[in-house]
$ cat input-v6.txt   # compact mmCIF, C-alpha atoms
# COMPACT_ATOMS: atom_id res chain seq x y z
CA MET A 1 13.25 8.86 -28.53
CA THR A 2 11.28 9.20 -25.28
CA ARG A 3 10.34 6.14 -23.30
CA THR A 4 6.66 6.94 -23.30
CA VAL A 5 3.65 5.73 -25.23
CA ARG A 6 0.67 7.80 -26.23
CA ILE A 7 -2.94 6.94 -26.94
CA ASP A 8 -5.29 9.13 -28.95
CA THR A 9 -8.81 8.12 -28.00
CA THR A 10 -10.26 10.14 -30.92
CA SER A 11 -8.18 8.26 -33.51
CA PRO A 12 -9.91 5.61 -35.63
CA VAL A 13 -6.85 3.38 -35.10
CA PRO A 14 -7.64 0.85 -32.35
CA HIS A 15 -5.89 1.45 -29.02
CA TYR A 16 -4.05 -1.86 -29.13
CA GLU A 17 -2.66 -1.03 -32.58
CA GLN A 18 -1.55 2.45 -31.48
CA LEU A 19 0.24 0.89 -28.57
CA ARG A 20 1.71 -1.97 -30.59
CA SER A 21 3.18 0.27 -33.28
CA GLN A 22 4.81 2.59 -30.72
CA LEU A 23 6.29 -0.25 -28.67
CA ALA A 24 7.52 -2.00 -31.82
CA ALA A 25 9.15 1.25 -32.95
CA LEU A 26 10.84 1.76 -29.55
CA ILE A 27 12.18 -1.79 -29.58
CA THR A 28 13.34 -1.67 -33.20
CA ALA A 29 15.05 1.67 -32.65
CA GLY A 30 16.86 0.24 -29.63
CA THR A 31 15.30 2.66 -27.12
CA LEU A 32 13.97 -0.36 -25.27
CA ARG A 33 16.91 -2.70 -24.87
CA ASP A 34 17.10 -6.45 -24.88
CA GLY A 35 16.00 -7.95 -21.55
CA GLU A 36 14.35 -4.74 -20.36
CA ARG A 37 11.11 -5.25 -18.47
CA LEU A 38 7.93 -3.60 -19.69
CA PRO A 39 5.29 -2.34 -17.24
CA THR A 40 2.74 -4.91 -16.19
CA VAL A 41 -0.51 -5.06 -18.12
CA ARG A 42 -2.42 -3.59 -15.18
CA VAL A 43 0.00 -0.71 -14.60
CA LEU A 44 0.10 0.35 -18.25
CA ALA A 45 -3.68 0.01 -18.59
CA HIS A 46 -4.23 2.15 -15.48
CA ASP A 47 -1.76 4.82 -16.62
CA LEU A 48 -3.43 5.06 -20.02
CA GLY A 49 -6.98 4.72 -18.70
CA ILE A 50 -7.75 1.79 -21.00
CA ALA A 51 -8.89 -1.78 -20.41
CA PRO A 52 -6.22 -4.29 -19.29
CA GLY A 53 -7.40 -6.58 -22.09
CA THR A 54 -6.25 -4.00 -24.65
CA VAL A 55 -2.70 -3.95 -23.26
CA SER A 56 -2.80 -7.72 -22.97
CA ARG A 57 -3.63 -8.01 -26.67
CA THR A 58 -0.80 -5.61 -27.56
CA TYR A 59 1.69 -7.68 -25.60
CA ARG A 60 0.40 -10.86 -27.26
CA ASP A 61 0.85 -9.30 -30.72
CA LEU A 62 4.37 -8.16 -29.83
CA GLU A 63 5.17 -11.62 -28.54
CA ALA A 64 3.90 -13.16 -31.77
CA ALA A 65 6.22 -10.78 -33.66
CA GLY A 66 9.14 -11.92 -31.49
CA LEU A 67 9.69 -8.49 -29.96
CA VAL A 68 8.81 -9.40 -26.38
CA THR A 69 8.54 -12.51 -24.30
CA THR A 70 6.28 -13.06 -21.31
CA ARG A 71 7.49 -15.15 -18.41
CA ARG A 72 5.52 -16.08 -15.34
CA ARG A 73 6.64 -14.21 -12.19
CA VAL A 74 9.09 -12.12 -14.26
CA GLY A 75 6.79 -10.18 -16.55
CA THR A 76 7.10 -9.02 -20.14
CA LEU A 77 10.67 -8.64 -21.35
CA VAL A 78 11.97 -7.02 -24.50
CA THR A 79 13.65 -9.42 -26.91
CA ALA A 80 15.42 -7.06 -29.26
CA PRO A 81 15.64 -8.21 -32.86
CA PRO A 82 19.14 -9.24 -33.91
CA VAL A 83 21.10 -6.26 -35.14
CA ALA A 84 21.61 -6.74 -38.85
CA LEU A 85 22.90 -4.40 -41.51
CA ASP A 86 19.75 -4.64 -43.63
CA ARG A 87 17.48 -3.78 -40.68
CA ALA A 88 19.69 -0.85 -39.72
CA ALA A 89 19.54 0.39 -43.31
CA VAL A 90 15.75 0.09 -43.37
CA THR A 91 15.49 1.95 -40.04
CA GLU A 92 17.71 4.71 -41.38
CA ALA A 93 15.68 4.91 -44.61
CA ALA A 94 12.47 5.12 -42.58
CA ARG A 95 13.96 7.92 -40.50
CA ARG A 96 14.91 9.82 -43.66
CA PHE A 97 11.47 9.24 -45.16
CA VAL A 98 9.72 10.59 -42.05
CA ARG A 99 12.00 13.64 -42.02
CA ILE A 100 11.20 14.39 -45.66
CA ALA A 101 7.49 13.88 -45.05
CA ARG A 102 7.61 16.29 -42.09
CA ASP A 103 9.49 18.84 -44.20
CA HIS A 104 6.67 18.64 -46.72
CA GLY A 105 4.11 19.24 -43.99
CA LEU A 106 2.52 15.77 -44.01
CA THR A 107 0.59 14.71 -40.94
CA ASP A 108 1.21 11.38 -39.16
CA ALA A 109 -1.93 9.92 -40.76
CA GLU A 110 -0.77 11.00 -44.24
CA VAL A 111 2.66 9.47 -43.64
CA ARG A 112 1.04 6.19 -42.63
CA ASP A 113 -1.26 6.33 -45.69
CA ALA A 114 1.76 6.83 -47.96
CA VAL A 115 3.49 3.77 -46.48
CA ALA A 116 0.29 1.71 -46.64
CA ALA A 117 -0.18 2.69 -50.32
CA GLU A 118 3.39 1.65 -51.14
CA LEU A 119 2.89 -1.68 -49.36
CA VAL A 120 -0.26 -2.35 -51.40
CA LEU A 121 1.52 -1.35 -54.63
CA SER A 122 4.56 -3.50 -53.89
CA ARG A 123 2.30 -6.50 -53.22
CA SER A 124 0.38 -6.06 -56.47
CA THR A 125 3.51 -5.53 -58.58
CA GLY A 126 5.67 -8.07 -56.75
CA MET B 127 -25.44 -0.04 26.08
CA PHE B 128 -24.37 3.61 26.26
CA GLY B 129 -24.38 6.03 29.18
CA ILE B 130 -25.87 9.46 28.44
CA ASP B 131 -28.45 10.22 25.74
CA ILE B 132 -29.11 13.65 24.25
CA GLY B 133 -32.38 13.76 22.34
CA GLY B 134 -32.23 10.02 21.84
CA ILE B 135 -28.65 10.12 20.51
CA PRO B 136 -26.05 8.40 22.72
CA LEU B 137 -23.46 10.99 23.79
CA GLU B 138 -20.22 8.99 23.62
CA PRO B 139 -20.53 7.68 20.03
CA ALA B 140 -21.78 11.11 18.92
CA LEU B 141 -18.73 12.77 20.48
CA PHE B 142 -16.51 10.16 18.85
CA VAL B 143 -18.04 10.79 15.40
CA VAL B 144 -17.68 14.58 15.84
CA ALA B 145 -14.05 14.17 16.92
CA LEU B 146 -13.34 11.93 13.89
CA ALA B 147 -15.00 14.40 11.51
CA LEU B 148 -13.00 17.29 12.99
CA GLY B 149 -9.81 15.20 12.80
CA ALA B 150 -10.42 14.26 9.15
CA GLY B 151 -11.24 17.89 8.26
CA GLY B 152 -8.11 19.10 10.06
CA LEU B 153 -6.00 16.53 8.26
CA LEU B 154 -7.33 17.65 4.87
CA TRP B 155 -6.66 21.31 5.65
CA TRP B 156 -3.19 20.66 7.08
CA ASP B 157 -2.16 18.36 4.23
CA GLY B 158 -3.42 20.82 1.62
CA ARG B 159 -1.33 23.61 3.17
CA ARG B 160 1.97 21.77 3.48
CA THR B 161 2.04 19.84 0.18
CA VAL B 162 3.27 21.64 -2.91
CA ALA B 163 1.19 20.36 -5.83
CA PRO B 164 2.65 21.51 -9.16
CA THR B 165 -0.54 21.10 -11.24
CA THR B 166 -4.30 20.91 -10.88
CA ALA B 167 -4.19 17.13 -11.42
CA ALA B 168 -1.55 16.85 -8.71
CA ARG B 169 -3.69 18.90 -6.34
CA ARG B 170 -6.64 16.63 -7.07
CA ALA B 171 -4.45 13.58 -6.44
CA VAL B 172 -3.23 14.97 -3.09
CA ARG B 173 -6.84 15.71 -2.10
CA HIS B 174 -7.92 12.19 -3.07
CA ALA B 175 -5.04 10.64 -1.12
CA THR B 176 -5.76 12.74 1.97
CA THR B 177 -9.51 12.10 1.85
CA THR B 178 -8.84 8.37 1.56
CA MET B 179 -6.54 8.54 4.58
CA GLY B 180 -9.02 10.65 6.58
CA VAL B 181 -11.93 8.28 5.89
CA ALA B 182 -9.80 5.16 6.42
CA LEU B 183 -8.52 6.42 9.76
CA ALA B 184 -12.06 6.62 11.17
CA PRO B 185 -12.67 2.84 11.50
CA GLY B 186 -9.00 2.36 12.37
CA ALA B 187 -9.27 4.82 15.26
CA ALA B 188 -12.60 3.32 16.30
CA GLY B 189 -10.92 -0.09 16.50
CA VAL B 190 -8.34 1.27 18.93
CA VAL B 191 -10.62 3.53 20.99
CA LEU B 192 -13.67 1.26 21.39
CA PRO B 193 -11.90 -1.51 23.37
CA ILE B 194 -10.40 1.11 25.69
CA LEU B 195 -13.81 2.73 26.24
CA SER B 196 -15.45 -0.64 26.74
CA PHE B 197 -12.81 -2.20 29.00
CA HIS B 198 -11.77 0.69 31.21
CA LEU B 199 -14.83 2.93 31.24
CA GLY B 200 -17.57 0.38 30.57
CA ILE B 201 -18.83 2.51 27.67
CA GLY B 202 -20.20 0.87 24.55
CA PRO B 203 -21.19 -2.70 23.81
CA HIS B 204 -20.08 -5.15 26.49
CA VAL B 205 -18.27 -8.09 24.95
CA LYS B 206 -15.87 -10.69 26.29
CA THR B 207 -12.23 -9.61 26.66
CA ALA B 208 -11.17 -12.41 24.29
CA GLN B 209 -13.35 -10.77 21.62
CA LEU B 210 -12.25 -7.27 22.59
CA VAL B 211 -8.55 -7.94 21.87
CA VAL B 212 -9.24 -8.55 18.16
CA VAL B 213 -11.20 -5.28 17.76
CA PRO B 214 -8.10 -3.11 17.02
CA THR B 215 -7.00 -5.50 14.27
CA LEU B 216 -10.55 -5.61 12.90
CA GLY B 217 -10.35 -1.80 12.85
CA LEU B 218 -7.11 -2.20 10.90
CA TRP B 219 -8.95 -4.43 8.41
CA ALA B 220 -11.52 -1.70 7.94
CA PHE B 221 -8.74 0.89 7.53
CA LEU B 222 -7.04 -1.23 4.86
CA ALA B 223 -10.35 -1.96 3.11
CA VAL B 224 -11.20 1.75 2.89
CA TYR B 225 -7.66 2.51 1.72
CA ALA B 226 -7.98 -0.17 -0.96
CA VAL B 227 -11.23 1.42 -2.16
CA GLY B 228 -9.44 4.77 -2.29
CA GLU B 229 -6.70 3.30 -4.46
CA LEU B 230 -9.17 1.51 -6.73
CA THR B 231 -11.10 4.76 -7.26
CA TRP B 232 -7.95 6.80 -7.95
CA PRO B 233 -8.61 9.44 -10.68
CA ARG B 234 -8.02 7.89 -14.09
CA PRO B 235 -6.85 9.83 -17.16
CA GLN B 236 -9.86 11.28 -18.97
CA ASP B 237 -8.21 13.36 -21.73
CA ALA B 238 -8.42 12.33 -25.36
CA HIS B 239 -4.62 12.25 -25.60
CA ARG B 240 -3.03 10.12 -22.89
CA GLN B 241 0.50 9.12 -22.25
CA ALA B 242 2.29 6.62 -20.05
CA ARG B 243 5.90 6.12 -19.07
CA LEU B 244 7.39 2.73 -19.81
CA THR B 245 8.70 2.12 -16.33
CA THR B 246 8.05 -0.78 -14.06
CA ARG B 247 6.68 -0.12 -10.59
CA THR B 248 6.75 -2.69 -7.85
CA VAL B 249 5.95 -2.66 -4.15
CA ALA B 250 9.68 -2.37 -3.45
CA ASP B 251 9.70 0.96 -5.33
CA VAL B 252 6.95 2.50 -3.22
CA ALA B 253 7.25 0.90 0.21
CA ASP B 254 10.26 1.55 2.41
CA ARG B 255 12.18 -1.68 2.89
CA THR B 256 13.02 -1.01 6.55
CA ALA B 257 9.44 -0.15 7.50
CA ARG B 258 8.16 -3.25 5.71
CA ARG B 259 10.77 -5.41 7.41
CA ARG B 260 9.77 -4.00 10.82
CA ILE B 261 6.19 -5.05 10.23
CA TRP B 262 7.26 -8.58 9.34
CA VAL B 263 9.49 -8.68 12.43
CA THR B 264 6.55 -7.50 14.57
CA ALA B 265 4.35 -10.20 13.00
CA SER B 266 6.99 -12.84 13.69
CA LEU B 267 7.24 -11.70 17.31
CA LEU B 268 3.45 -11.83 17.55
CA VAL B 269 3.47 -15.43 16.27
CA VAL B 270 6.18 -16.42 18.78
CA ALA B 271 4.49 -14.59 21.68
CA THR B 272 1.03 -16.01 20.98
CA ALA B 273 2.46 -19.54 20.66
CA LEU B 274 4.36 -19.21 23.95
CA LEU B 275 1.38 -17.72 25.79
CA ALA B 276 -0.88 -20.49 24.49
CA LEU B 277 1.67 -23.09 25.60
CA VAL B 278 2.12 -21.78 29.16
CA ALA B 279 -1.63 -21.24 29.63
CA ASP B 280 -3.55 -23.71 31.73
CA GLY B 281 -6.73 -23.36 29.72
CA PRO B 282 -8.28 -21.22 27.01
CA ASP B 283 -7.89 -18.04 29.05
CA SER B 284 -6.18 -18.93 32.33
CA ILE B 285 -2.84 -19.72 33.94
CA ALA B 286 -2.31 -21.85 37.05
CA ARG B 287 0.28 -22.61 39.70
CA VAL B 288 0.65 -25.47 42.15
CA VAL B 289 2.05 -24.57 45.56
CA ASP B 290 2.12 -27.14 48.34
CA GLY B 291 -0.09 -29.41 46.26
CA VAL B 292 -2.77 -26.72 45.88
CA LEU B 293 -3.78 -25.61 42.38
CA GLU B 294 -4.47 -21.88 42.01
CA ARG B 295 -5.73 -20.38 38.80
CA GLN B 296 -5.73 -16.86 37.33
CA THR B 297 -8.49 -16.67 34.72
CA PHE B 298 -7.55 -13.39 33.07
CA PHE B 299 -4.71 -14.56 30.86
CA PRO B 300 -4.16 -14.52 27.07
CA GLY B 301 -4.40 -18.27 26.44
CA TRP B 302 -5.29 -19.76 23.08
CA ALA B 303 -8.85 -18.42 23.29
CA TRP B 304 -7.31 -14.94 23.04
CA THR B 305 -4.19 -15.55 21.00
CA GLY B 306 -5.74 -17.79 18.32
CA PRO B 307 -8.19 -15.17 16.98
CA VAL B 308 -5.59 -12.40 17.43
CA LEU B 309 -3.04 -14.30 15.37
CA LEU B 310 -5.56 -15.16 12.66
CA VAL B 311 -6.80 -11.59 12.17
CA ALA B 312 -3.25 -10.20 12.40
CA LEU B 313 -1.94 -12.49 9.66
CA LEU B 314 -4.91 -11.65 7.46
CA ALA B 315 -4.23 -7.96 8.10
CA LEU B 316 -0.66 -8.48 6.90
CA ALA B 317 -1.91 -10.10 3.70
CA LEU B 318 -4.31 -7.16 3.22
CA THR B 319 -1.41 -4.75 3.77
CA GLU B 320 0.60 -6.37 0.98
CA ALA B 321 -2.46 -6.20 -1.28
CA VAL B 322 -2.91 -2.48 -0.55
CA LEU B 323 0.78 -1.82 -1.26
CA HIS B 324 0.34 -3.57 -4.62
CA LEU B 325 -2.63 -1.32 -5.36
CA ILE B 326 -0.57 1.77 -4.51
CA ALA B 327 2.17 0.64 -6.91
CA ALA B 328 -0.28 -0.18 -9.71
CA ARG B 329 -2.68 2.77 -9.48
CA PRO B 330 -2.80 5.24 -12.40
CA ALA B 331 0.03 7.75 -12.57
CA VAL B 332 -0.84 11.37 -11.87
CA VAL B 333 -1.04 13.17 -15.21
CA ASP B 334 0.92 16.36 -15.94
CA VAL B 335 3.58 15.73 -13.30
CA ASP B 336 6.99 14.16 -13.63
CA GLU B 337 7.72 10.64 -12.51
CA THR B 338 9.59 11.66 -9.35
CA TRP B 339 6.59 13.59 -8.00
CA ASP B 340 4.22 10.70 -8.79
CA MET B 341 6.54 8.22 -7.07
CA TRP B 342 6.87 10.56 -4.08
CA LEU B 343 3.08 10.59 -3.66
CA ARG B 344 3.00 6.78 -3.87
CA ARG B 345 5.79 6.45 -1.30
CA ARG B 346 3.94 8.80 1.03
CA GLY B 347 0.74 6.73 0.77
CA ALA B 348 2.63 3.47 1.37
CA ARG B 349 4.42 5.03 4.33
CA ARG B 350 1.14 6.05 5.94
CA VAL B 351 -0.31 2.57 5.52
CA LEU B 352 2.81 0.99 7.01
CA ARG B 353 2.73 3.38 9.98
CA VAL B 354 -0.84 2.42 10.89
CA VAL B 355 -0.18 -1.31 10.43
CA GLN B 356 2.99 -1.05 12.54
CA LEU B 357 1.14 0.78 15.29
CA VAL B 358 -1.81 -1.61 15.51
CA SER B 359 0.19 -4.85 15.23
CA GLY B 360 2.86 -3.61 17.66
CA LEU B 361 0.35 -2.40 20.23
CA THR B 362 -1.56 -5.68 19.97
CA LEU B 363 1.66 -7.54 20.78
CA ALA B 364 2.41 -5.12 23.62
CA GLY B 365 -1.12 -5.47 24.99
CA LEU B 366 -0.97 -9.26 25.03
CA LEU B 367 2.40 -9.20 26.80
CA GLY B 368 1.16 -6.60 29.25
CA VAL B 369 -1.91 -8.62 30.21
CA ALA B 370 0.18 -11.80 30.46
CA GLY B 371 2.70 -10.01 32.69
CA ILE B 372 0.00 -8.70 35.03
CA ALA B 373 -1.62 -12.15 35.20
CA LEU B 374 1.71 -13.81 36.06
CA ARG B 375 2.39 -11.16 38.69
CA MET B 376 -1.03 -11.63 40.26
CA LEU B 377 -0.54 -15.38 40.25
CA GLY B 378 2.86 -14.98 41.95
CA LEU B 379 1.42 -12.63 44.58
CA GLY B 380 -1.30 -15.14 45.31
CA ARG B 381 -4.11 -12.87 44.16
CA THR B 382 -5.84 -15.43 41.98
CA THR B 383 -9.45 -15.49 40.89
CA MET B 384 -10.09 -18.68 42.88
CA SER B 385 -8.46 -17.65 46.14
CA THR B 386 -10.51 -16.87 49.23
CA ALA B 387 -7.68 -16.91 51.73
CA ALA B 388 -4.18 -15.41 51.75
CA LEU B 389 -1.84 -17.45 49.56
CA PRO B 390 1.94 -17.64 49.72
CA VAL B 391 3.93 -15.37 47.40
CA VAL B 392 6.04 -17.08 44.72
CA PRO B 393 8.82 -14.62 43.81
CA GLU B 394 9.72 -16.43 40.55
CA TYR B 395 6.23 -15.80 39.15
CA VAL B 396 6.34 -12.17 40.27
CA THR B 397 9.76 -11.63 38.64
CA LEU B 398 8.68 -13.36 35.43
CA GLY B 399 5.48 -11.30 35.41
CA ASN B 400 7.48 -8.10 35.85
CA VAL B 401 9.84 -9.04 33.03
CA VAL B 402 6.97 -9.87 30.65
CA LEU B 403 5.17 -6.67 31.65
CA TRP B 404 8.26 -4.54 30.97
CA VAL B 405 8.88 -6.32 27.66
CA GLY B 406 5.29 -5.37 26.77
CA VAL B 407 5.92 -1.74 27.75
CA ALA B 408 9.16 -1.74 25.73
CA ALA B 409 7.30 -3.20 22.74
CA ALA B 410 4.68 -0.44 23.01
CA VAL B 411 7.34 2.29 23.14
CA ALA B 412 9.39 0.75 20.30
CA THR B 413 6.37 0.33 18.04
CA THR B 414 5.18 3.88 18.71
CA VAL B 415 8.65 5.24 17.89
CA ALA B 416 8.82 3.09 14.73
CA ALA B 417 5.35 4.19 13.62
CA CYS B 418 6.00 7.88 14.26
CA TRP B 419 9.53 7.87 12.81
CA ARG B 420 10.04 10.83 10.49
CA TRP B 421 11.39 9.57 7.19
CA ARG B 422 13.33 12.08 5.16
CA ASP B 423 11.73 11.95 1.74
CA PRO B 424 12.02 15.36 0.10
CA LEU B 425 9.17 16.47 -2.11
CA PRO B 426 10.62 16.87 -5.62
CA GLY B 427 10.97 20.43 -6.92
CA THR B 428 8.13 21.54 -9.11
CA ALA B 429 8.14 22.53 -12.77
CA SER B 430 6.89 25.98 -11.82
CA GLY B 431 10.17 26.61 -10.07
CA ARG B 432 8.82 26.65 -6.56
CA PRO B 433 11.36 25.65 -3.98
CA THR B 434 11.73 22.07 -2.86
CA VAL B 435 10.26 21.52 0.57
CA GLU B 436 10.90 18.84 3.11
CA ALA B 437 7.89 16.56 3.27
CA ARG B 438 7.16 14.59 6.35
CA SER B 439 4.25 12.24 6.48

$ encode --input "input-v6.txt" --output "structure tokens"
Amino acid sequence: MTRTVRIDTTSPVPHYEQLRSQLAALITAGTLRDGERLPTVRVLAHDLGIAPGTVSRTYRDLEAAGLVTTRRRVGTLVTAPPVALDRAAVTEAARRFVRIARDHGLTDAEVRDAVAAELVLSRSTG
Amino acid sequence: MFGIDIGGIPLEPALFVVALALGAGGLLWWDGRRTVAPTTAARRAVRHATTTMGVALAPGAAGVVLPILSFHLGIGPHVKTAQLVVVPTLGLWAFLAVYAVGELTWPRPQDAHRQARLTTRTVADVADRTARRRIWVTASLLVVATALLALVADGPDSIARVVDGVLERQTFFPGWAWTGPVLLVALLALALTEAVLHLIAARPAVVDVDETWDMWLRRRGARRVLRVVQLVSGLTLAGLLGVAGIALRMLGLGRTTMSTAALPVVPEYVTLGNVVLWVGVAAAVATTVAACWRWRDPLPGTASGRPTVEARS
């Protein structure tokens, strides 16, 4: 997995959410390791041509999810989730699911819709 | 104020502006020829960086040239020498301010699909550690020199000697009236330099080029800023020492501003003056060498397969 993030300004998904989901995926997959420093809010905002407040909100959301921690003078550090068998199994299942979806010619948006639909269904049945 | 007018336009400033415009144009042309830009965005970035440098150099050069024109040739506005010595550093302020504007207006990504690398960039990544350390050493020497000169001075801008119970004073000396403002503007210039280096590290990455090329362009910008800061701060230090050395020498030779008759020579003052003068000359040479030092920082090879060239800036 590459250590880059992408923003699609034409997508209806808010910029902060696009950024959050990619960073969360990179951290969960282990591409960004525990203790690794993320770019500063200003640097990432400049590189992506978006407002610093957007990146700031992303980092806040990631911090709330326990994926990063922000320290004064140090910056934003990755706090990798503890490696557990169940999480590894879920990650592997997600990887398989995405591969199958790609084989069937689904777009990224359709893959996300499929997951969202399953989440809604599991809530209503569970 | 100025000497010759042509059609109501003073000749010297007009010549200076023309020379600056020609210099900036030449710099743009020369930089465009020697820098291999792998993409259109990279070419635009190089042009922006060079234009910023060309425009920023104008007030910087004016800050160095104007005091020389005013003091030695009597051209331009006539101000006190104590005010004149801060002009180069004020020119440096203007240089840094223009450079900061150039960094703040750096081309931002405009495409619908944008991407960013998850790498941290700090000032240490873009600014050469040795060059930065040299500037801090120069600043420290400036602090020490200005403090010593202010201490040995007899007044705000004079130095005195007492021989056979007679007080003689030389009133062209960098006392606290000179060194105080110089130190203040120099320290502020250092703070501005650090701010500009931060801006260089944080500015948007050039799109469509790899990270090494982007970092190379940042390092080149930081290097240019550090060269100019080194030159101005070092020459300011050298100038103060030079003037102090001449004043001490004159005082030792008995050629003081108050004297009407021949005064006895005091060899100790003459020797001390010579030493200070030569330290000033050595400081000027050392700072010029440090500022003009050619750093080996090869331009990364391009994706198009063009050969790697040696970049010197």

$ atom_distance --input "input-v6.txt" --atom1 "CA of Val335 in chain B" --atom2 "CA of Ala168 in chain B"
7.0 Å

$ interface_residues --input "input-v6.txt" --of "chain B" --to "chain A" --cutoff "9 Å" --atoms "all atoms listed in the file" --output "ChimeraX atom specification"
/B:234-247,327-333

$ residues_around --input "input-v6.txt" --residues "range 261-268 of chain B" --least-positions-apart "5" --cutoff "7 Å" --atoms "all atoms listed in the file" --output "PyMOL selection string"
chain B and resi 356+359-360+363

$ residues_near_point --input "input-v6.txt" --point "(-9.1, -0.3, 12.3)" --cutoff "9 Å" --atoms "all atoms listed in the file" --output "PyMOL selection string"
chain B and resi 182-190+213-222+354+358

$ residues_near_point --input "input-v6.txt" --point "(-2.9, -1.6, -34.6)" --cutoff "12 Å" --atoms "all atoms listed in the file" --output "number ranges by chain"
A: 7, 11-24, 54-55, 57-59, 61-62, 112

$ atom_distance --input "input-v6.txt" --atom1 "CA of Arg160 in chain B" --atom2 "CA of Val227 in chain B"
24.9 Å

$ closest_residue --input "input-v6.txt" --among "A:Ala80, A:Val115, A:Ala51, A:Ala109" --to "Ala25 in chain A" --atoms "all atoms listed in the file"
A:Ala80

$ atom_distance --input "input-v6.txt" --atom1 "CA of Ile326 in chain B" --atom2 "CA of Ala348 in chain B"
6.9 Å

$ closest_residue --input "input-v6.txt" --among "A:Leu26, A:Asp108, A:Leu121, A:Asp34" --to "Leu77 in chain A" --atoms "all atoms listed in the file"
A:Asp34

$ residues_around --input "input-v6.txt" --residues "range 392-401 of chain B" --least-positions-apart "4" --cutoff "12 Å" --atoms "all atoms listed in the file" --output "list in words"
Ile285, Ala286, Arg287, Val288, Val289, Asp290, Glu294, Phe299, Leu367, Gly368, Val369, Ala370, Gly371, Ile372, Ala373, Leu374, Arg375, Met376, Leu377, Gly378, Leu379, Gly380, Arg381, Val405, Gly406, Val407 and Ala408 of chain B

$ axis_aligned_box --input "input-v6.txt" --around "range 49-58 of chain A" --padding-each-side "5 Å" --output "AutoDock Vina command-line options"
--center_x -4.8 --center_y -1.6 --center_z -23.1 --size_x 18.1 --size_y 22.7 --size_z 18.9

$ closest_residue --input "input-v6.txt" --among "B:Leu195, B:Ala171, B:Leu425, B:Ala409" --to "Ala271 in chain B" --atoms "all atoms listed in the file"
B:Ala409

$ build_atoms --input "input-v6.txt" --residues "range 56-60 of chain A" --atoms "all heavy atoms" --output "PDB file, in the frame of the given file"
ATOM      1  N   SER A  56      -3.082  -6.292 -22.890  1.00  0.00           N
ATOM      2  CA  SER A  56      -2.800  -7.720 -22.970  1.00  0.00           C
ATOM      3  C   SER A  56      -2.704  -8.153 -24.442  1.00  0.00           C
ATOM      4  O   SER A  56      -1.800  -8.892 -24.829  1.00  0.00           O
ATOM      5  CB  SER A  56      -3.930  -8.452 -22.280  1.00  0.00           C
ATOM      6  OG  SER A  56      -3.477  -9.611 -21.731  1.00  0.00           O
ATOM      7  N   ARG A  57      -3.634  -7.661 -25.243  1.00  0.00           N
ATOM      8  CA  ARG A  57      -3.630  -8.010 -26.670  1.00  0.00           C
ATOM      9  C   ARG A  57      -2.383  -7.448 -27.371  1.00  0.00           C
ATOM     10  O   ARG A  57      -1.772  -8.119 -28.203  1.00  0.00           O
ATOM     11  CB  ARG A  57      -4.900  -7.448 -27.332  1.00  0.00           C
ATOM     12  CG  ARG A  57      -4.929  -7.753 -28.791  1.00  0.00           C
ATOM     13  CD  ARG A  57      -6.241  -7.466 -29.450  1.00  0.00           C
ATOM     14  NE  ARG A  57      -6.116  -7.792 -30.878  1.00  0.00           N
ATOM     15  CZ  ARG A  57      -7.079  -7.640 -31.745  1.00  0.00           C
ATOM     16  NH1 ARG A  57      -8.252  -7.200 -31.352  1.00  0.00           N
ATOM     17  NH2 ARG A  57      -6.885  -7.924 -33.004  1.00  0.00           N
ATOM     18  N   THR A  58      -2.011  -6.217 -26.985  1.00  0.00           N
ATOM     19  CA  THR A  58      -0.800  -5.610 -27.560  1.00  0.00           C
ATOM     20  C   THR A  58       0.415  -6.464 -27.261  1.00  0.00           C
ATOM     21  O   THR A  58       1.224  -6.747 -28.155  1.00  0.00           O
ATOM     22  CB  THR A  58      -0.601  -4.199 -26.959  1.00  0.00           C
ATOM     23  OG1 THR A  58      -1.743  -3.419 -27.252  1.00  0.00           O
ATOM     24  CG2 THR A  58       0.642  -3.534 -27.504  1.00  0.00           C
ATOM     25  N   TYR A  59       0.543  -6.877 -25.995  1.00  0.00           N
ATOM     26  CA  TYR A  59       1.690  -7.680 -25.600  1.00  0.00           C
ATOM     27  C   TYR A  59       1.694  -9.034 -26.335  1.00  0.00           C
ATOM     28  O   TYR A  59       2.746  -9.545 -26.709  1.00  0.00           O
ATOM     29  CB  TYR A  59       1.701  -7.899 -24.075  1.00  0.00           C
ATOM     30  CG  TYR A  59       2.220  -6.720 -23.271  1.00  0.00           C
ATOM     31  CD1 TYR A  59       2.547  -5.511 -23.877  1.00  0.00           C
ATOM     32  CD2 TYR A  59       2.389  -6.784 -21.895  1.00  0.00           C
ATOM     33  CE1 TYR A  59       3.024  -4.421 -23.156  1.00  0.00           C
ATOM     34  CE2 TYR A  59       2.869  -5.705 -21.151  1.00  0.00           C
ATOM     35  CZ  TYR A  59       3.175  -4.530 -21.788  1.00  0.00           C
ATOM     36  OH  TYR A  59       3.647  -3.458 -21.065  1.00  0.00           O
ATOM     37  N   ARG A  60       0.505  -9.573 -26.532  1.00  0.00           N
ATOM     38  CA  ARG A  60       0.400 -10.860 -27.260  1.00  0.00           C
ATOM     39  C   ARG A  60       0.872 -10.687 -28.710  1.00  0.00           C
ATOM     40  O   ARG A  60       1.616 -11.514 -29.231  1.00  0.00           O
ATOM     41  CB  ARG A  60      -1.043 -11.365 -27.245  1.00  0.00           C
ATOM     42  CG  ARG A  60      -1.378 -12.222 -26.044  1.00  0.00           C
ATOM     43  CD  ARG A  60      -2.563 -13.149 -26.327  1.00  0.00           C
ATOM     44  NE  ARG A  60      -3.717 -12.464 -26.874  1.00  0.00           N
ATOM     45  CZ  ARG A  60      -4.634 -11.841 -26.137  1.00  0.00           C
ATOM     46  NH1 ARG A  60      -4.513 -11.810 -24.829  1.00  0.00           N
ATOM     47  NH2 ARG A  60      -5.664 -11.256 -26.708  1.00  0.00           N
TER      48      ARG A  60
END
